[in-house]
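Here's work_2.csv, which has CSV, C-alpha atoms:
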```
chain,number,residue,atom,x,y,z
A,1,MET,CA,-13.4,63.4,23.7
A,2,LYS,CA,-12.5,59.7,23.2
A,3,LYS,CA,-16.1,58.6,22.4
A,4,PRO,CA,-16.2,60.2,18.8
A,5,SER,CA,-12.8,58.6,18.0
A,6,SER,CA,-14.1,55.2,19.2
A,7,LEU,CA,-17.3,55.5,17.0
A,8,ARG,CA,-15.1,56.5,14.0
A,9,ASN,CA,-12.9,53.4,14.5
A,10,ARG,CA,-15.9,51.2,14.7
A,11,SER,CA,-17.3,52.6,11.5
A,12,ILE,CA,-14.0,52.1,9.7
A,13,LEU,CA,-13.9,48.5,11.0
A,14,LEU,CA,-17.4,47.8,9.8
A,15,ALA,CA,-16.6,49.3,6.4
A,16,LEU,CA,-13.5,47.0,6.1
A,17,VAL,CA,-15.7,43.9,7.0
A,18,LEU,CA,-18.3,44.8,4.4
A,19,LEU,CA,-15.5,45.3,1.8
A,20,ALA,CA,-14.0,41.9,2.6
A,21,PHE,CA,-17.5,40.4,2.2
A,22,VAL,CA,-18.0,41.9,-1.2
A,23,ILE,CA,-14.6,40.7,-2.4
A,24,ALA,CA,-15.2,37.2,-1.1
A,25,PHE,CA,-18.7,37.0,-2.7
A,26,PRO,CA,-18.7,39.1,-5.9
A,27,GLN,CA,-22.0,37.8,-7.3
A,28,PRO,CA,-25.0,40.0,-6.5
A,29,LEU,CA,-27.2,38.7,-3.8
A,30,LEU,CA,-30.2,38.6,-6.1
A,31,ALA,CA,-28.4,36.2,-8.4
A,32,GLN,CA,-27.8,33.8,-5.5
A,33,ASN,CA,-31.3,34.2,-4.0
A,34,PRO,CA,-34.0,34.6,-6.7
A,35,PRO,CA,-36.9,36.9,-5.8
A,36,PHE,CA,-39.9,35.4,-4.2
A,37,ALA,CA,-41.8,35.4,-7.5
A,38,ASN,CA,-39.4,32.9,-9.0
A,39,LYS,CA,-39.9,30.4,-6.2
A,40,PRO,CA,-42.2,27.4,-6.6
A,41,PRO,CA,-45.9,28.3,-5.9
A,42,HIS,CA,-47.4,27.7,-2.5
A,43,ASP,CA,-48.5,24.1,-2.1
A,44,PRO,CA,-52.3,24.2,-2.4
A,45,ALA,CA,-52.6,21.2,-0.1
A,46,THR,CA,-51.7,23.5,2.8
A,47,ARG,CA,-54.6,25.9,2.2
A,48,PRO,CA,-56.4,26.4,5.5
A,49,LYS,CA,-59.9,26.2,3.9
A,50,PHE,CA,-59.5,22.6,2.6
A,51,ARG,CA,-57.4,21.4,5.6
A,52,ALA,CA,-60.3,22.6,7.8
A,53,LEU,CA,-62.8,20.8,5.5
A,54,VAL,CA,-60.9,17.5,5.8
A,55,GLU,CA,-60.6,17.9,9.6
A,56,SER,CA,-64.3,18.4,9.8
A,57,ILE,CA,-64.9,15.3,7.7
A,58,ASN,CA,-62.8,13.2,10.0
A,59,LYS,CA,-64.6,14.7,13.0
A,60,ARG,CA,-68.0,13.9,11.5
A,61,SER,CA,-66.9,10.4,10.6
A,62,ARG,CA,-65.8,9.7,14.2
A,63,GLU,CA,-69.0,11.0,15.6
A,64,LEU,CA,-70.9,8.6,13.4
A,65,GLY,CA,-68.6,5.7,14.3
A,66,LEU,CA,-67.4,5.4,10.7
A,67,ILE,CA,-63.7,5.4,11.6
A,68,GLU,CA,-62.4,2.3,13.4
A,69,VAL,CA,-60.0,2.5,16.3
A,70,SER,CA,-56.6,0.9,15.5
A,71,ASP,CA,-54.5,-1.3,17.7
A,72,ASP,CA,-51.5,0.6,16.7
A,73,PRO,CA,-52.2,4.4,17.2
A,74,ASP,CA,-48.8,5.5,15.8
A,75,GLN,CA,-49.3,3.6,12.6
A,76,ALA,CA,-52.9,4.7,12.3
A,77,ALA,CA,-51.9,8.3,12.8
A,78,TRP,CA,-49.2,8.0,10.1
A,79,VAL,CA,-51.7,6.5,7.6
A,80,GLN,CA,-54.3,9.1,8.5
A,81,ARG,CA,-51.8,12.0,7.9
A,82,ARG,CA,-51.0,10.6,4.4
A,83,MET,CA,-54.7,10.1,3.6
A,84,ASP,CA,-55.6,13.6,4.8
A,85,ALA,CA,-52.8,15.2,2.7
A,86,GLN,CA,-54.1,13.4,-0.4
A,87,LEU,CA,-57.7,14.3,0.5
A,88,ILE,CA,-56.9,18.0,1.0
A,89,GLU,CA,-55.2,18.1,-2.4
A,90,ASP,CA,-58.1,16.3,-4.1
A,91,PHE,CA,-60.7,18.7,-2.7
A,92,GLU,CA,-58.6,21.7,-3.7
A,93,LYS,CA,-58.1,20.4,-7.2
A,94,VAL,CA,-61.8,19.6,-7.7
A,95,TYR,CA,-62.5,23.2,-6.7
A,96,SER,CA,-59.8,24.7,-8.8
A,97,ILE,CA,-60.6,22.6,-11.9
A,98,ASN,CA,-64.2,23.8,-11.7
A,99,ILE,CA,-63.2,27.5,-11.4
A,100,GLU,CA,-60.2,27.5,-13.8
A,101,LYS,CA,-61.3,25.0,-16.5
A,102,ILE,CA,-65.0,24.0,-16.4
A,103,VAL,CA,-66.5,27.4,-15.8
A,104,THR,CA,-64.1,29.1,-18.1
A,105,GLN,CA,-64.7,26.7,-20.9
A,106,SER,CA,-68.5,26.8,-20.5
A,107,LYS,CA,-68.3,30.6,-21.2
A,108,ALA,CA,-65.7,30.4,-24.0
A,109,PRO,CA,-66.7,31.3,-27.5
A,110,ALA,CA,-65.0,28.1,-28.7
A,111,LEU,CA,-64.4,25.0,-26.7
A,112,ASP,CA,-60.8,23.7,-26.2
A,113,PHE,CA,-61.3,19.9,-26.3
A,114,LYS,CA,-57.7,19.2,-25.2
A,115,ILE,CA,-58.2,21.3,-22.0
A,116,LEU,CA,-61.6,19.6,-21.4
A,117,ALA,CA,-60.2,16.1,-21.9
A,118,ASP,CA,-57.3,16.7,-19.5
A,119,ALA,CA,-59.4,18.5,-16.9
A,120,THR,CA,-62.2,15.9,-16.8
A,121,ALA,CA,-59.7,13.0,-16.6
A,122,ASP,CA,-58.1,14.6,-13.5
A,123,LEU,CA,-61.5,15.5,-12.1
A,124,LYS,CA,-62.8,12.0,-12.4
A,125,THR,CA,-59.7,10.5,-10.7
A,126,ARG,CA,-59.8,12.9,-7.8
A,127,ALA,CA,-63.6,12.6,-7.3
A,128,SER,CA,-63.4,8.8,-7.4
A,129,ARG,CA,-60.7,8.9,-4.8
A,130,ILE,CA,-62.8,11.1,-2.5
A,131,LYS,CA,-65.8,8.9,-2.9
A,132,TYR,CA,-63.9,5.8,-1.8
A,133,SER,CA,-61.8,7.4,1.0
A,134,VAL,CA,-64.5,9.4,2.8
A,135,PRO,CA,-66.7,7.2,5.0
A,136,LEU,CA,-69.4,9.8,5.1
A,137,LEU,CA,-70.0,9.4,1.4
A,138,GLN,CA,-70.2,5.6,1.4
A,139,VAL,CA,-74.0,5.2,1.6
A,140,VAL,CA,-76.4,2.8,-0.1
A,141,ASP,CA,-78.2,4.5,-2.9
A,142,LYS,CA,-81.2,2.6,-4.2
A,143,GLY,CA,-82.3,5.4,-6.4
A,144,GLU,CA,-82.3,5.4,-10.2
A,145,LYS,CA,-78.8,5.3,-11.8
A,146,ILE,CA,-77.6,8.5,-13.4
A,147,ARG,CA,-77.1,8.5,-17.2
A,148,TYR,CA,-75.8,11.4,-19.3
A,149,ASP,CA,-76.1,12.0,-23.0
A,150,GLU,CA,-72.8,11.9,-25.0
A,151,ASN,CA,-74.1,14.2,-27.7
A,152,PRO,CA,-71.4,16.8,-28.6
A,153,GLU,CA,-74.1,19.4,-29.3
A,154,HIS,CA,-75.1,19.4,-25.7
A,155,LEU,CA,-71.5,19.8,-24.4
A,156,ALA,CA,-71.9,23.4,-23.3
A,157,ALA,CA,-75.0,22.6,-21.2
A,158,THR,CA,-73.2,19.6,-19.8
A,159,LEU,CA,-70.4,21.7,-18.6
A,160,VAL,CA,-72.8,24.0,-16.8
A,161,GLU,CA,-74.4,20.9,-15.1
A,162,LEU,CA,-71.0,19.6,-14.1
A,163,SER,CA,-70.1,22.9,-12.5
A,164,ARG,CA,-73.4,23.0,-10.6
A,165,LEU,CA,-72.8,19.5,-9.2
A,166,ILE,CA,-69.3,20.5,-8.0
A,167,ASN,CA,-70.6,23.6,-6.3
A,168,SER,CA,-73.4,21.6,-4.7
A,169,PHE,CA,-71.0,18.9,-3.5
A,170,MET,CA,-68.4,21.3,-2.2
A,171,GLY,CA,-71.0,23.3,-0.3
A,172,SER,CA,-72.7,20.3,1.2
A,173,PRO,CA,-73.5,20.7,5.0
A,174,VAL,CA,-72.7,17.1,5.6
A,175,PHE,CA,-69.0,18.0,5.9
A,176,ARG,CA,-69.5,20.7,8.5
A,177,PHE,CA,-72.3,19.7,11.0
A,178,SER,CA,-74.9,17.1,11.8
A,179,SER,CA,-78.6,17.6,11.2
A,180,SER,CA,-81.9,15.9,11.8
A,181,ASN,CA,-81.9,14.6,8.2
A,182,ASP,CA,-78.3,13.5,8.2
A,183,THR,CA,-78.9,10.4,6.2
A,184,GLU,CA,-80.6,12.4,3.4
A,185,VAL,CA,-77.8,15.0,3.4
A,186,ARG,CA,-75.2,12.3,3.1
A,187,LEU,CA,-77.1,10.6,0.3
A,188,LYS,CA,-77.4,14.0,-1.6
A,189,ALA,CA,-73.6,14.6,-1.3
A,190,SER,CA,-72.9,11.1,-2.4
A,191,ARG,CA,-75.2,11.5,-5.4
A,192,ASP,CA,-73.6,14.8,-6.3
A,193,LEU,CA,-70.1,13.1,-6.3
A,194,THR,CA,-71.3,10.2,-8.3
A,195,GLY,CA,-72.7,12.7,-10.8
A,196,ILE,CA,-69.4,14.5,-11.0
A,197,ILE,CA,-67.6,11.2,-11.7
A,198,LYS,CA,-70.0,10.1,-14.4
A,199,LEU,CA,-70.4,13.5,-16.0
A,200,SER,CA,-66.6,13.9,-16.1
A,201,GLU,CA,-66.3,10.6,-17.9
A,202,THR,CA,-69.0,11.6,-20.4
A,203,ILE,CA,-67.4,14.9,-21.2
A,204,ASN,CA,-64.0,13.3,-21.4
A,205,LYS,CA,-65.3,10.9,-24.1
A,206,ILE,CA,-67.0,13.7,-26.0
A,207,ALA,CA,-63.8,15.9,-25.9
A,208,LYS,CA,-61.6,13.0,-27.0
A,209,ARG,CA,-63.8,12.1,-29.9
A,210,SER,CA,-64.1,15.8,-30.9
A,211,THR,CA,-60.3,16.2,-30.8
A,212,LYS,CA,-59.9,13.3,-33.2
A,213,THR,CA,-62.6,14.7,-35.5
A,214,VAL,CA,-60.9,18.1,-35.7
A,215,ALA,CA,-57.5,16.5,-36.3
A,216,SER,CA,-58.8,14.4,-39.2
A,217,ARG,CA,-60.2,17.4,-41.1
```

Could I get this structure in the form of structure tokens?
Amino acid sequence: MKKPSSLRNRSILLALVLLAFVIAFPQPLLAQNPPFANKPPHDPATRPKFRALVESINKRSRELGLIEVSDDPDQAAWVQRRMDAQLIEDFEKVYSINIEKIVTQSKAPALDFKILADATADLKTRASRIKYSVPLLQVVDKGEKIRYDENPEHLAATLVELSRLINSFMGSPVFRFSSSNDTEVRLKASRDLTGIIKLSETINKIAKRSTKTVASR
């Protein structure tokens, strides 16, 4: 007979504790802790796909003897972590700029020159950083230098070509496994990246000139 009384006393005590909590903290919990949708977006640099890509690049570089062994392992590891974080972000941004800006603009009824100028400036910066921080891509290319036409009338076709180069580069097997024609594969990836850099610069110039032309009318 004492057990129901004990449970009732506990319930009353719990109710008193909850009442004291509400009095002490009158603001709604949602006001103090915004819903998940209002929090900063997930850092794209932590996306597993691009982290795995960079890890594979480092592995391939070690296999080919392109990464030197440091006398200070701790310092080398700290530097490598910072480089990897930047590289992961750069790969992710090259991918997202292509999907969200280049492809979208190539299909738009009217081009937004401001978007294209900003997107290609960022793309060139990140592609250049990848080129000079990934040993796999640092190969001697004795082929003919790439040149692109700066004619505004060809801009739509140029965007399609830029997207093709990005897809070719991002999908290169050189980042994932070795092959019998490894030198050729590395050269192809390096050329794709060089094309991305130069074509981004070309589109950026066209977009900036076109922006000024529209503004002067």

Between A:Ser106, A:Ser133, A:Thr213, A:Ser172, which is the closest to A:Thr158 once you count all atoms listed in the file?
->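 For A:Thr158, the nearest of the candidates is A:Ser106.
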
Skipping near chain neighbours, those fewer than 5 positions away, what residues fall within 9 Å of stretch 159-171 of chain A using all atoms listed in the file, listed as a PyMOL selection string?
-> chain A and resi 91+94-95+98-99+102-103+105-106+154+188-193+195-196+199-200+203

Pick from A:Ala76, A:Ile97, A:Val185, A:Ile88: nearest to A:Ala117, with all atoms listed in the file counted?
-> A:Ile97

So how many Å separate atom CA of A:Phe177 and atom CA of A:Ser61, to one decimal?
-> 10.8 Å

One decimal, Å: what's the distance from atom CA of A:Asn58 over to atom CA of A:Met83, could you say?
-> 10.8 Å

Which value, in Å to one decimal, gives the distance between atom CA of A:Lys198 and atom CA of A:Pro48?
->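 We find that atom CA of A:Lys198 and atom CA of A:Pro48 lie 29.1 Å from each other.
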
When distances are computed from only C-alpha atoms, which of A:Gln80, A:Asn204, A:Ser56, A:Thr211 shows the smallest separation from A:Asp122?
-> A:Asn204

Pick the closest to A:Glu201 from A:Ala121, A:Pro109, A:Asn151, A:Glu100: which is it, counting all atoms listed in the file?
->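 Residue with the minimum atom-to-atom distance to A:Glu201: A:Ala121.
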
With distances taken over all atoms listed in the file, which of A:Ala119, A:Ile57, A:Ile206, A:Ile146 is nearest to A:Thr194?
-> A:Ile146

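Taking only C-alpha atoms into account, A:Ala110 lies nearest to A:Ala156 out of the set A:Leu137, A:Ala52, A:Ala156, A:Leu64.
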